[in-house]
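Remarks on the structure that follows.
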Amino acid sequence: MKKIIVSVMTVVAMMGCAEQKKEKREDVQETFNYVVDKFADLQILRYQVPGFESLSLQQKQLLYHLSEAALMGRDILFDQNNRYNLAIRRILETIYQNYKGDRENEEFQALETYLKRIWFSNGIHHHYGEEKFIPAFTPVFFRACVEQMDASKLPVREGETVEQLIAELTPVLFDPTVMAKRTIQSGDQDIIVASANNYYGEGVHLKEVEAFYGKMKDPKDQTPVSYGLNSRLVKENGQLTEKVWKVGGLYSEAIEAIVAELEKAVAFAENEAQKAVIETLIAYYKTGDLKTFDAYSVLWVKDTTSEVDFVNGFIETYGDPLGMKASWESSVNFINKEATKRTKVISDNAQWFEDHSPVDKRFKKEEVKGVSAKVITVTMIGGDCYPATPIGINLPNADWIRRDHGSKSVTIENITEAYDKASQGGGLGAEFIWSDTEREIIKKYGFLTGNLHTDLHECLGHGSGKLLPGVDPDGLKAYSSTLEEARADLFGLYYMGDDKMVELGLVPDAEAYKAEYYNFMMNGLMTQLVRVELGKNVEEAHMRNRQLIARWVFEKGEADKVVEMKKKDDKTYVVINDYIKLRHLFGELLTEVQRIKSEGDFEAGKKLVEDYAVKVDPVLHAEVLERYAGLNLAPYRGFVNPVMKQVKNEKGEVTDVVLDYTEGFDDQMLRYSSDYSYLPTYN
Ligand code: ZN
């Protein structure tokens with residue numbers, strides 16, 4: 001649960017700092033084209049990889065092989081998200097590349113947009129809102145297109161006809177009630193049955209899953225594996241059984257390709273520690289053994305000296321309603337040494353922050369272990385990190401590894417930099433910020449405090465606190481992701497306004513934190529609603545977390561008018577009257593959320609989330625959507641990767657690795673589907 005995703009308001013926070021950044025990064029090309037494409041509710045950006053040229057050839061080769069491996073699990077994620085995703089993607093790509101009719105035709109254009117959305121979301125459901133996209137072309141048009149295609153290019157099951165394929169897929173594509181939502185996080189229905197993802201087989205029910213894994217867990221085990229992390233749970237002959245994702249298991253074809261590439265990477269490891277990390281990951285992929293995964297995670301968290309680093313595997317569990325099964329992802333990167341000086345100050349003082357936090361002493365770590373933090377530059381993102389990508393990551397996720405060995409946390413500054421550059425002149429701040437006073441503060445400090453909040457969230461927030469002995473780490477069930485994100489955000493918010501930040505030189509003065517407070521409250525109370533359709537609830541864990549915090553402190557501070565919603569020309573604005581009291585409210589909520597986590601208080605956690613994080617005021621929502629529509633912006637953004645190429649001499653030896661930044665979104669997606677597609681259509 002340790003990923004931070006950019007909020008709508010980070011966009012505003014990152015405006016107006018071009019001058020500072022220019023000084024720091026001479027190698028950023030001024031003519032670089034950050035914006036690649038825009039369709040539906042999405043904008044596609046491109047990130048740069050400053051500093052890549054000056055790495056050693058060995059490091060570049062290591063990055064090359066890790067980056068190749070980062071692209072090889074793409075199909076796994078598609079299949080994890082829904083069992084029809086690969087079939088639908090492949091059919092639509094075939095149509096897209098071979099359609100003989102008028103490509104300007106409205107229905108074909110609608111098909112193109114639909115395919116682009118599937119590429120972006122790694123499937124037929126919205127990457128963030130989880131709801132299924134409904135195509136703007138008709139079933140009749142779909143049928144006509146499919147019938148036009150060479151049948152050998154279509155993913156027809158063995159022994160079946162094209163007609164059967166169309167019949168099977170038509171409701172999946174067009175019927176809004178079929179597989180309506182990828183992941184159901186809460187509610188009264190059976191969240192396993194109702195979720196359209198592919199983590200559980202057909203006919204598997206929530207109660208059975210809980211019993212199946214409940215039996216495996218030993219409450220006295222101090223170092224439990226992450227049960228269920230790397231498998232699909234299916235019913236065979238009435239018996240539940242795990243189909244493990246490993247070489248020789250489910251998704252073997254893709255995992256074999258990843259392993260082959262990791263084996264090439266081993267030869268270029270920077271040191272023995274890093275070599276052991278890669279080799280242990282390979283061993284895990286080959287066996288599927290979760291103890292080996294933990295061994296890998298421990299080695300990985302301890303390797304803090306290598307400059308090149310990566311994540312590759314089944315890592316984050318947001319997609320599983322029970323938060324156990326992990327989606328496949330990869331992020332390959334190297335350290336940004338200059339910016340890491342900032343996070344080093346934070347991690348060097350981790351114990352001070354833990355000791356001084358407002359939470360109950362019983363829930364604090366007596367000894368904060370191995371919190372390491374750095375700022376990184378990504379070279380390739382894949383799986384669940386692509387095209388929508390986090391701006392910060394904190395891993396590993398296993399609570400006991402974090403307790404005994406610490407965690408590694410990163411802020412991804414070439415991504416936040418791209419957001420910053422692409423947002424300049426975006427207009428969101430002009431529309432939604434109360435007055436020039438707030439606008440000035442945000443302009444002056446917003447980029448810095450936005451990055452700093454990410455640092456604090458990742459490096460300290462997720463790493464802080466402890467569970468009481470015997471508390472089940474999965475005890476908060478469907479509410480765990482939201483509450484964990486809230487805990488991390490609150491830890492960061494509480495300390496943003498602490499004098500210690502000035503003392504440590506992390507902010508220039510005692511005013512700076514107000515930029516993040518204002519951005520956070522405006523986003524949580526209003527602007528993030530641009531991502532939610534009118535009439536719908538807030539679903540995604542990070543968004544729920546932000547609304548939970550913002551609405552809770554708003555309500556608790558209402559009598560004192562700490563934060564107000566004021567009207568001006570019939571428009572609603574967030575006004576913060578008392579920043580100091582607001583900080584104390586953040587501290588109060590942090591105390592309660594930490595208690596809920598430490599004690600595993602499911603009922604209190606559920607109540608907090610259901611009361612504050614889910615429901616939306618429909619009148620305010622409509623107003624926000626209307627004002628936003630006038631701005632011609634896209635509420636969600638993602639990235640294309642650079643193309644990484646080996647340069648070889650006449651003897652075939654690699655003499656350099658270079659990056660090309662010219663590939664467009666469609667070309668990249670089609671290339672990945674052609675060159676990195678290892679899985680059969682039905683798995
Ligand atoms: Zn987080």
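Chain labels follow the order of the structure tokens: the first chain is A, the next B, and so on; residue numbering restarts at 1 in every chain, and ligands are counted from 1 in their shown order.
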Spatial neighbours of Phe491 (chain A), 8 Å, only C-alpha atoms, chain gap at least 4 places, as a list in words: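 Using only C-alpha atoms, the neighbours found are Ser357, Leu456, His457, Leu460, Gly461, Arg487, Tyr495, Gly587 and Leu590 of chain A.
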Residue contacts of Val532 (chain A) (10 Å, only C-alpha atoms) excluding same-chain residues fewer than 5 positions away, as a ChimeraX atom specification: /A:128-129,537-540,543,616,621,625,635
For region 195-212 of chain A, list every protein, DNA or RNA residue within 9 Å, evaluated using only C-alpha atoms, and leave out those in the same chain fewer than 4 positions away; present the list as a PDB file with C-alpha atoms, in the first residue's frame.
```pdb
ATOM      1  CA  ASP A  79      -4.851 -10.382 -17.585  1.00  0.00           C
ATOM      2  CA  GLN A  80      -4.865  -9.660 -13.853  1.00  0.00           C
ATOM      3  CA  ASN A  81      -7.184  -6.703 -14.374  1.00  0.00           C
ATOM      4  CA  ASN A  82      -9.774  -8.739 -16.243  1.00  0.00           C
ATOM      5  CA  ARG A  83      -9.788 -12.072 -18.000  1.00  0.00           C
ATOM      6  CA  HIS A 125     -11.865  -0.461 -16.686  1.00  0.00           C
ATOM      7  CA  VAL A 178     -21.542  -6.987 -16.947  1.00  0.00           C
ATOM      8  CA  MET A 179     -18.185  -6.707 -15.144  1.00  0.00           C
ATOM      9  CA  ALA A 180     -19.131  -3.157 -14.222  1.00  0.00           C
ATOM     10  CA  LYS A 181     -16.276  -2.520 -11.852  1.00  0.00           C
ATOM     11  CA  ARG A 182     -12.722  -3.792 -11.696  1.00  0.00           C
ATOM     12  CA  THR A 183     -12.381  -3.735  -7.920  1.00  0.00           C
ATOM     13  CA  ILE A 184     -15.169  -3.231  -5.422  1.00  0.00           C
ATOM     14  CA  GLN A 185     -13.634  -1.847  -2.253  1.00  0.00           C
ATOM     15  CA  ASP A 190     -19.738  -9.976  -1.946  1.00  0.00           C
ATOM     16  CA  ILE A 191     -16.729  -7.879  -2.949  1.00  0.00           C
ATOM     17  CA  MET A 216      -2.905 -20.427   6.748  1.00  0.00           C
ATOM     18  CA  SER A 231      -1.436 -16.354  -7.164  1.00  0.00           C
ATOM     19  CA  ARG A 232      -4.953 -16.524  -8.491  1.00  0.00           C
ATOM     20  CA  LEU A 233      -7.304 -18.365  -6.182  1.00  0.00           C
ATOM     21  CA  VAL A 234      -9.613 -20.640  -8.160  1.00  0.00           C
ATOM     22  CA  LYS A 235     -12.128 -23.350  -7.525  1.00  0.00           C
ATOM     23  CA  LEU A 240     -10.059 -23.844  -3.633  1.00  0.00           C
ATOM     24  CA  GLY A 319      -6.334  -4.117  -7.131  1.00  0.00           C
ATOM     25  CA  ASP A 320      -7.452  -6.911  -4.807  1.00  0.00           C
ATOM     26  CA  PRO A 321     -10.500  -6.044  -2.730  1.00  0.00           C
ATOM     27  CA  LEU A 322      -8.851  -7.858   0.166  1.00  0.00           C
ATOM     28  CA  LYS A 325      -2.928 -10.256  -4.309  1.00  0.00           C
ATOM     29  CA  ALA A 326      -0.469  -8.031  -6.074  1.00  0.00           C
TER      30      ALA A 326
END
```
Of the listed residues A:Trp300, A:Phe133, A:Phe268, A:Trp400, that which approaches Thr280 (chain A) most closely, counting only C-alpha atoms: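 Counting only C-alpha atoms, the residue closest to Thr280 (chain A) is A:Trp300.
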Give me, as a PDB file with N, CA, C and O atoms, in the first residue's frame, all polymer residues having an atom no more than 9 Å from Leu86 (chain A), counting only C-alpha atoms and skipping those fewer than 4 positions away in the same chain.
```pdb
ATOM      1  N   ASP A  75       1.537  -7.856 -20.322  1.00  0.00           N
ATOM      2  CA  ASP A  75       0.354  -8.713 -20.519  1.00  0.00           C
ATOM      3  C   ASP A  75      -0.166  -9.295 -19.201  1.00  0.00           C
ATOM      4  O   ASP A  75      -1.361  -9.553 -19.068  1.00  0.00           O
ATOM      5  N   PHE A  78      -2.543  -6.845 -17.746  1.00  0.00           N
ATOM      6  CA  PHE A  78      -3.813  -6.849 -18.494  1.00  0.00           C
ATOM      7  C   PHE A  78      -4.676  -8.024 -18.042  1.00  0.00           C
ATOM      8  O   PHE A  78      -5.864  -7.870 -17.787  1.00  0.00           O
ATOM      9  N   ASP A  79      -4.073  -9.202 -17.950  1.00  0.00           N
ATOM     10  CA  ASP A  79      -4.851 -10.382 -17.585  1.00  0.00           C
ATOM     11  C   ASP A  79      -5.301 -10.331 -16.124  1.00  0.00           C
ATOM     12  O   ASP A  79      -6.388 -10.797 -15.794  1.00  0.00           O
ATOM     13  N   ASN A  82      -8.519  -8.092 -15.814  1.00  0.00           N
ATOM     14  CA  ASN A  82      -9.774  -8.739 -16.243  1.00  0.00           C
ATOM     15  C   ASN A  82      -9.432  -9.838 -17.237  1.00  0.00           C
ATOM     16  O   ASN A  82      -8.557  -9.677 -18.079  1.00  0.00           O
ATOM     17  N   ARG A  90      -6.349  -7.270 -28.168  1.00  0.00           N
ATOM     18  CA  ARG A  90      -5.809  -7.836 -29.408  1.00  0.00           C
ATOM     19  C   ARG A  90      -6.776  -7.670 -30.579  1.00  0.00           C
ATOM     20  O   ARG A  90      -6.357  -7.377 -31.701  1.00  0.00           O
ATOM     21  N   ILE A  91      -8.053  -7.839 -30.331  1.00  0.00           N
ATOM     22  CA  ILE A  91      -9.027  -7.647 -31.413  1.00  0.00           C
ATOM     23  C   ILE A  91      -9.000  -6.195 -31.882  1.00  0.00           C
ATOM     24  O   ILE A  91      -8.941  -5.908 -33.073  1.00  0.00           O
ATOM     25  N   GLY A 123      -6.519  -2.214 -19.605  1.00  0.00           N
ATOM     26  CA  GLY A 123      -7.741  -2.989 -19.595  1.00  0.00           C
ATOM     27  C   GLY A 123      -8.982  -2.156 -19.822  1.00  0.00           C
ATOM     28  O   GLY A 123      -8.898  -0.949 -20.091  1.00  0.00           O
ATOM     29  N   PRO A 155      -8.197 -13.478 -31.792  1.00  0.00           N
ATOM     30  CA  PRO A 155      -7.966 -14.408 -30.672  1.00  0.00           C
ATOM     31  C   PRO A 155      -9.161 -15.336 -30.432  1.00  0.00           C
ATOM     32  O   PRO A 155      -9.819 -15.275 -29.407  1.00  0.00           O
ATOM     33  N   LEU A 679       2.038 -13.550 -23.482  1.00  0.00           N
ATOM     34  CA  LEU A 679       1.019 -14.459 -22.957  1.00  0.00           C
ATOM     35  C   LEU A 679      -0.010 -14.851 -24.003  1.00  0.00           C
ATOM     36  O   LEU A 679      -0.334 -14.070 -24.896  1.00  0.00           O
ATOM     37  N   PRO A 680      -0.542 -16.064 -23.858  1.00  0.00           N
ATOM     38  CA  PRO A 680      -1.713 -16.410 -24.662  1.00  0.00           C
ATOM     39  C   PRO A 680      -2.881 -15.498 -24.278  1.00  0.00           C
ATOM     40  O   PRO A 680      -2.838 -14.835 -23.239  1.00  0.00           O
ATOM     41  N   THR A 681      -3.906 -15.482 -25.115  1.00  0.00           N
ATOM     42  CA  THR A 681      -5.025 -14.568 -24.864  1.00  0.00           C
ATOM     43  C   THR A 681      -5.820 -14.954 -23.620  1.00  0.00           C
ATOM     44  O   THR A 681      -6.271 -14.107 -22.867  1.00  0.00           O
ATOM     45  N   TYR A 682      -5.965 -16.259 -23.410  1.00  0.00           N
ATOM     46  CA  TYR A 682      -6.759 -16.720 -22.261  1.00  0.00           C
ATOM     47  C   TYR A 682      -5.845 -17.480 -21.311  1.00  0.00           C
ATOM     48  O   TYR A 682      -5.205 -18.457 -21.703  1.00  0.00           O
TER      49      TYR A 682
END
```
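The smallest atom-to-atom distance between Thr161 (chain A) and any of A:Asp41, A:Glu147, A:Ala430, A:Val643, using only C-alpha atoms, is found for A:Glu147.
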Neighbour list for Phe32 (chain A) as a list in words, cut-off 9 Å, only C-alpha atoms, skip fewer than 5 positions in-chain: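 Those residues are Arg46, Gln48 and Tyr661 of chain A.
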Dump as a short mmCIF file (atom, residue, chain, number, x, y, z; two decimals), in the first residue's frame, selection limited to all heavy atoms:
```cif
data_model
loop_
_atom_site.label_atom_id
_atom_site.label_comp_id
_atom_site.auth_asym_id
_atom_site.auth_seq_id
_atom_site.Cartn_x
_atom_site.Cartn_y
_atom_site.Cartn_z
N ARG A 46 5.57 13.13 -21.61
CA ARG A 46 6.83 12.45 -21.79
C ARG A 46 7.78 12.94 -20.71
O ARG A 46 7.78 14.12 -20.38
CB ARG A 46 7.38 12.82 -23.17
CG ARG A 46 8.58 12.02 -23.64
CD ARG A 46 9.19 12.64 -24.90
NE ARG A 46 8.26 12.81 -26.02
CZ ARG A 46 7.85 11.82 -26.81
NH1 ARG A 46 8.26 10.59 -26.61
NH2 ARG A 46 7.03 12.06 -27.81
N GLN A 48 11.81 13.20 -19.19
CA GLN A 48 13.21 13.14 -19.58
C GLN A 48 14.00 12.35 -18.56
O GLN A 48 13.56 12.18 -17.43
CB GLN A 48 13.80 14.55 -19.64
CG GLN A 48 13.26 15.38 -20.75
CD GLN A 48 14.21 16.52 -21.06
OE1 GLN A 48 15.24 16.32 -21.71
NE2 GLN A 48 13.89 17.69 -20.59
N TYR A 661 13.59 10.12 -27.58
CA TYR A 661 12.37 10.68 -26.98
C TYR A 661 11.32 11.04 -28.03
O TYR A 661 10.54 11.96 -27.82
CB TYR A 661 12.71 11.96 -26.21
CG TYR A 661 13.61 11.77 -25.01
CD1 TYR A 661 14.94 12.18 -25.05
CD2 TYR A 661 13.12 11.23 -23.83
CE1 TYR A 661 15.77 12.05 -23.94
CE2 TYR A 661 13.94 11.09 -22.72
CZ TYR A 661 15.26 11.51 -22.79
OH TYR A 661 16.07 11.38 -21.68
#
```
Minimum-distance residue to Ala273 (chain A), chosen among A:Lys421, A:Arg103, A:Lys116, A:Lys302 (using only C-alpha atoms): A:Lys302
Among listed residues A:Leu589, A:Lys651, A:Glu68, A:Ala622, nearest Pro358 (chain A) (using only C-alpha atoms): A:Leu589
DSSP strand (DSSP E) residues within region 166-267 of chain A, listed as JSON, numbers by chain: {"A": [231, 232, 233, 234, 235, 236, 239, 240, 241, 242, 243, 244]}
Keeping all heavy atoms for every residue in the selection just given, could you write it to a file as a CSV table (one decimal), in the first residue's frame?
```
chain,number,residue,atom,x,y,z
A,231,SER,N,-0.6,-15.3,-6.6
A,231,SER,CA,-1.4,-16.4,-7.2
A,231,SER,C,-2.9,-15.9,-7.4
A,231,SER,O,-3.4,-15.0,-6.8
A,231,SER,CB,-1.5,-17.6,-6.2
A,231,SER,OG,-2.2,-17.2,-5.0
A,232,ARG,N,-3.5,-16.6,-8.3
A,232,ARG,CA,-5.0,-16.5,-8.5
A,232,ARG,C,-5.6,-17.7,-7.7
A,232,ARG,O,-5.1,-18.8,-7.7
A,232,ARG,CB,-5.3,-16.7,-10.0
A,232,ARG,CG,-6.8,-16.5,-10.2
A,232,ARG,CD,-7.2,-16.9,-11.7
A,232,ARG,NE,-6.5,-16.1,-12.6
A,232,ARG,CZ,-6.4,-16.4,-13.9
A,232,ARG,NH1,-6.8,-17.6,-14.4
A,232,ARG,NH2,-5.7,-15.6,-14.8
A,233,LEU,N,-6.6,-17.3,-7.0
A,233,LEU,CA,-7.3,-18.4,-6.2
A,233,LEU,C,-8.5,-18.8,-7.0
A,233,LEU,O,-9.4,-18.0,-7.3
A,233,LEU,CB,-7.7,-17.8,-4.8
A,233,LEU,CG,-8.3,-18.8,-3.8
A,233,LEU,CD1,-7.3,-19.9,-3.4
A,233,LEU,CD2,-8.9,-18.1,-2.6
A,234,VAL,N,-8.5,-20.1,-7.3
A,234,VAL,CA,-9.6,-20.6,-8.2
A,234,VAL,C,-10.3,-21.8,-7.5
A,234,VAL,O,-9.7,-22.4,-6.5
A,234,VAL,CB,-9.1,-21.1,-9.5
A,234,VAL,CG1,-8.5,-19.9,-10.3
A,234,VAL,CG2,-8.1,-22.2,-9.4
A,235,LYS,N,-11.4,-22.2,-8.0
A,235,LYS,CA,-12.1,-23.4,-7.5
A,235,LYS,C,-12.0,-24.4,-8.6
A,235,LYS,O,-12.4,-24.2,-9.7
A,235,LYS,CB,-13.6,-23.0,-7.3
A,235,LYS,CG,-14.2,-23.7,-6.1
A,235,LYS,CD,-15.7,-23.3,-6.0
A,235,LYS,CE,-15.9,-22.6,-4.7
A,235,LYS,NZ,-17.3,-22.2,-4.5
A,236,GLU,N,-11.5,-25.6,-8.2
A,236,GLU,CA,-11.4,-26.7,-9.1
A,236,GLU,C,-12.0,-27.9,-8.4
A,236,GLU,O,-11.6,-28.3,-7.3
A,236,GLU,CB,-9.9,-27.0,-9.4
A,236,GLU,CG,-9.4,-26.1,-10.5
A,236,GLU,CD,-7.9,-26.4,-10.8
A,236,GLU,OE1,-7.3,-27.2,-10.1
A,236,GLU,OE2,-7.4,-25.7,-11.7
A,239,GLN,N,-13.0,-27.4,-4.9
A,239,GLN,CA,-11.9,-27.2,-3.9
A,239,GLN,C,-11.2,-25.9,-4.3
A,239,GLN,O,-10.8,-25.7,-5.5
A,239,GLN,CB,-10.8,-28.3,-3.9
A,239,GLN,CG,-11.4,-29.6,-3.4
A,239,GLN,CD,-11.5,-29.6,-1.9
A,239,GLN,OE1,-10.7,-29.1,-1.2
A,239,GLN,NE2,-12.7,-30.1,-1.4
A,240,LEU,N,-10.8,-25.0,-3.3
A,240,LEU,CA,-10.1,-23.8,-3.6
A,240,LEU,C,-8.6,-24.2,-3.8
A,240,LEU,O,-8.1,-25.0,-3.0
A,240,LEU,CB,-10.2,-22.8,-2.5
A,240,LEU,CG,-11.5,-22.1,-2.4
A,240,LEU,CD1,-11.5,-21.1,-1.3
A,240,LEU,CD2,-11.9,-21.4,-3.7
A,241,THR,N,-8.0,-23.6,-4.8
A,241,THR,CA,-6.5,-23.9,-5.0
A,241,THR,C,-5.9,-22.7,-5.6
A,241,THR,O,-6.5,-21.9,-6.4
A,241,THR,CB,-6.3,-25.2,-5.8
A,241,THR,OG1,-4.9,-25.3,-6.1
A,241,THR,CG2,-7.0,-25.1,-7.2
A,242,GLU,N,-4.6,-22.5,-5.2
A,242,GLU,CA,-3.9,-21.3,-5.8
A,242,GLU,C,-3.1,-21.7,-7.1
A,242,GLU,O,-2.4,-22.7,-7.1
A,242,GLU,CB,-2.8,-20.8,-4.7
A,242,GLU,CG,-3.4,-20.1,-3.6
A,242,GLU,CD,-2.3,-19.5,-2.7
A,242,GLU,OE1,-1.2,-20.2,-2.5
A,242,GLU,OE2,-2.5,-18.4,-2.1
A,243,LYS,N,-3.3,-20.8,-8.1
A,243,LYS,CA,-2.5,-21.0,-9.3
A,243,LYS,C,-1.4,-19.9,-9.2
A,243,LYS,O,-1.6,-18.7,-9.4
A,243,LYS,CB,-3.4,-20.8,-10.5
A,243,LYS,CG,-4.4,-21.9,-10.7
A,243,LYS,CD,-4.9,-21.8,-12.1
A,243,LYS,CE,-5.3,-23.2,-12.6
A,243,LYS,NZ,-5.7,-23.3,-14.0
A,244,VAL,N,-0.2,-20.4,-8.9
A,244,VAL,CA,0.9,-19.5,-8.6
A,244,VAL,C,1.5,-18.9,-9.9
A,244,VAL,O,1.7,-19.6,-10.9
A,244,VAL,CB,2.0,-20.2,-7.8
A,244,VAL,CG1,3.1,-19.3,-7.5
A,244,VAL,CG2,1.3,-20.7,-6.5
```
CA of Glu564 (chain A) to CA of Lys615 (chain A), distance in Å rounded to a single decimal: 19.1 Å
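With only C-alpha atoms as the basis for measurement, A:Val614 is the residue among A:Met380, A:Val35, A:Val614, A:Leu57 that approaches Leu529 (chain A) most closely.
Residues in contact with Glu53 (chain A) at up to 10 Å, not including ones fewer than 5 positions away on its chain and judged by only C-alpha atoms, are Asp27, Lys60, Asp656, Val657, Val658 and Leu659 of chain A.
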